[in-house]
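Below: the structure, in structure tokens.
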Amino acid sequence: SNDIVLTFDLDISSLDFEGPHCTIRKSVPERMTVGNNFTVTITVENIGDATAYDLKILDGISIGFNTDKQYYWNRATLASGETWAVTCTYSPEVIGTFVEVPAILCYFNATLASFEPGDMENWDGAAMYTLSAVFSDRRVEVEQWWEGTILGIPTIIIIAGGIGAAILVIVIIVKKRA
């Protein structure tokens, strides 16, 4: 039997959006080690054809992490084609597998300053929400002694080279005695 393979490739930048259309990405390493700091970047991009207003990022963190970050960021506007990035530092304190908490973005197609509660019917603004990739697992481990570098060379390669050289010396000595 012949298998039918279906693929779906979408380059979101090739789409045309009316009004603001923001995407949000949160970059978290898949593997981390206890006690070592790492940087998380949350990036918002407006791929629409209009300005986004009153943007708000809300981000959470799994238990077992220490962080210097705030959990809420605001920005007044994000023009079409513009990018906004925020960074923070995490330090894992507990070994295990954790769920990455998505970052949530709320923005509007009109400024909230133009909103009149007594005249809601005449306000043409709307709130939009989006979030970063949902619930992927991240692993926190203890750093192993062989994971570092010596003079910029991975420790494991130096060890393997040393063992290889020792075996070669032993073989030469045995051959000379035979």
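Residue numbering restarts at 1 in every chain; chains get A, B, ... in the order shown in the structure tokens, and ligands count up from 1 in that same order.
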
At a cut-off of 12 Å, can you tabulate as a tab-separated table every residue of segment 42-74 of chain A near segment 7-26 of chain A together with its closest atom pair and the distance in Å to one decimal, using only C-alpha atoms and ordering rows by chain then number?
```
residue	atom	partner	partner_atom	distance
A:Ile42	CA	A:Lys26	CA	4.4
A:Thr43	CA	A:Arg25	CA	5.2
A:Val44	CA	A:Ile24	CA	4.5
A:Glu45	CA	A:Thr23	CA	5.3
A:Asn46	CA	A:Cys22	CA	4.2
A:Ile47	CA	A:His21	CA	5.5
A:Gly48	CA	A:Pro20	CA	4.3
A:Asp49	CA	A:Gly19	CA	5.3
A:Ala50	CA	A:Gly19	CA	4.6
A:Thr51	CA	A:Pro20	CA	5.5
A:Ala52	CA	A:Pro20	CA	5.2
A:Tyr53	CA	A:Pro20	CA	8.7
A:Asp54	CA	A:Pro20	CA	11.9
A:Leu55	CA	A:Cys22	CA	9.7
A:Lys56	CA	A:Ile24	CA	11.2
A:Ile57	CA	A:Ile24	CA	9.1
A:Leu58	CA	A:Ile24	CA	11.1
A:Asp59	CA	A:Lys26	CA	9.4
A:Gly60	CA	A:Lys26	CA	11.2
A:Ile61	CA	A:Lys26	CA	11.7
```

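Note that DSSP on the backbone gives alpha helix (DSSP H) to these residues of chain A: Thr155, Ile156, Ile157, Ile158, Ile159, Ala160, Gly161, Gly162, Ile163, Gly164, Ala165, Ala166, Ile167, Leu168, Val169, Ile170, Val171, Ile172, Ile173, Val174, Lys175, Lys176 and Arg177 of chain A.
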
Practice problem: Going by DSSP on the backbone, which bits of segment 7-151 of chain A are strand (DSSP E or B)? Write them as a ChimeraX atom specification, please. | Solution: /A:22-27,31-33,38-46,52-58,65-67,72-78,83-92,96-99,104-108,127-131,137-141,149-150

Selected residues, C-alpha atoms, written as an mmCIF file, in the first residue's frame, please.
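Final file, result.cif:
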```cif
data_model
loop_
_atom_site.group_PDB
_atom_site.id
_atom_site.type_symbol
_atom_site.label_atom_id
_atom_site.label_comp_id
_atom_site.auth_asym_id
_atom_site.auth_seq_id
_atom_site.Cartn_x
_atom_site.Cartn_y
_atom_site.Cartn_z
ATOM 1 C CA CYS A 22 0.437 40.449 17.058
ATOM 2 C CA THR A 23 2.296 37.212 17.687
ATOM 3 C CA ILE A 24 4.086 36.303 20.911
ATOM 4 C CA ARG A 25 7.003 33.894 21.431
ATOM 5 C CA LYS A 26 8.653 32.836 24.673
ATOM 6 C CA SER A 27 12.114 31.304 24.431
ATOM 7 C CA ARG A 31 17.308 21.691 29.321
ATOM 8 C CA MET A 32 18.568 23.638 32.317
ATOM 9 C CA THR A 33 20.847 22.889 35.257
ATOM 10 C CA PHE A 38 19.492 31.381 32.009
ATOM 11 C CA THR A 39 17.711 34.076 30.055
ATOM 12 C CA VAL A 40 14.107 33.944 28.901
ATOM 13 C CA THR A 41 13.031 36.281 26.115
ATOM 14 C CA ILE A 42 9.427 37.112 25.317
ATOM 15 C CA THR A 43 9.051 38.649 21.857
ATOM 16 C CA VAL A 44 5.948 40.330 20.468
ATOM 17 C CA GLU A 45 5.740 41.179 16.769
ATOM 18 C CA ASN A 46 3.001 43.123 15.007
ATOM 19 C CA ALA A 52 -1.627 47.841 18.175
ATOM 20 C CA TYR A 53 -2.507 49.817 21.311
ATOM 21 C CA ASP A 54 -2.294 49.311 25.068
ATOM 22 C CA LEU A 55 -0.352 46.052 24.894
ATOM 23 C CA LYS A 56 -0.048 43.951 28.034
ATOM 24 C CA ILE A 57 2.078 40.834 28.534
ATOM 25 C CA LEU A 58 1.247 38.560 31.444
ATOM 26 C CA PHE A 65 12.467 28.556 39.694
ATOM 27 C CA ASN A 66 13.861 31.752 41.172
ATOM 28 C CA THR A 67 13.572 34.841 38.987
ATOM 29 C CA TYR A 72 3.453 42.008 33.816
ATOM 30 C CA TRP A 73 4.718 44.389 31.125
ATOM 31 C CA ASN A 74 2.913 47.268 29.383
ATOM 32 C CA ARG A 75 3.526 49.151 26.187
ATOM 33 C CA ALA A 76 1.444 51.997 24.755
ATOM 34 C CA THR A 77 1.798 51.162 21.034
ATOM 35 C CA LEU A 78 3.414 48.697 18.651
ATOM 36 C CA THR A 83 8.963 44.073 17.497
ATOM 37 C CA TRP A 84 8.964 44.350 21.295
ATOM 38 C CA ALA A 85 11.152 42.084 23.420
ATOM 39 C CA VAL A 86 11.429 41.688 27.186
ATOM 40 C CA THR A 87 14.017 39.518 28.917
ATOM 41 C CA CYS A 88 14.402 38.122 32.399
ATOM 42 C CA THR A 89 16.705 35.729 34.221
ATOM 43 C CA TYR A 90 15.614 32.414 35.751
ATOM 44 C CA SER A 91 17.562 30.188 38.109
ATOM 45 C CA PRO A 92 16.243 26.617 38.513
ATOM 46 C CA GLY A 96 12.666 17.576 37.537
ATOM 47 C CA THR A 97 10.451 18.133 34.513
ATOM 48 C CA PHE A 98 8.364 21.279 34.504
ATOM 49 C CA VAL A 99 5.652 22.656 32.275
ATOM 50 C CA ILE A 104 -0.316 35.876 27.342
ATOM 51 C CA LEU A 105 -0.649 39.034 25.249
ATOM 52 C CA CYS A 106 -3.650 41.369 25.253
ATOM 53 C CA TYR A 107 -3.833 44.327 22.860
ATOM 54 C CA PHE A 108 -6.379 46.597 21.215
ATOM 55 C CA ALA A 127 -9.500 43.496 22.474
ATOM 56 C CA MET A 128 -7.368 40.707 21.029
ATOM 57 C CA TYR A 129 -5.616 37.931 22.934
ATOM 58 C CA THR A 130 -2.905 35.504 21.968
ATOM 59 C CA LEU A 131 -0.428 33.320 23.806
ATOM 60 C CA ASP A 137 8.031 20.292 29.054
ATOM 61 C CA ARG A 138 11.357 21.644 30.268
ATOM 62 C CA ARG A 139 13.954 19.512 32.067
ATOM 63 C CA VAL A 140 16.053 20.695 35.020
ATOM 64 C CA GLU A 141 19.059 18.517 35.865
ATOM 65 C CA THR A 149 35.091 23.096 28.705
ATOM 66 C CA ILE A 150 38.854 23.309 29.153
#
```

Quiz item: Separation of atom CA of Asn109 of chain A and atom CA of Val28 of chain A, in Å?
Solution: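 Atom-to-atom, atom CA of Asn109 of chain A to atom CA of Val28 of chain A, that is 29.2 Å.
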
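The coordinates place atom CA of Asn36 of chain A at 20.2 Å from atom CA of Leu151 of chain A.
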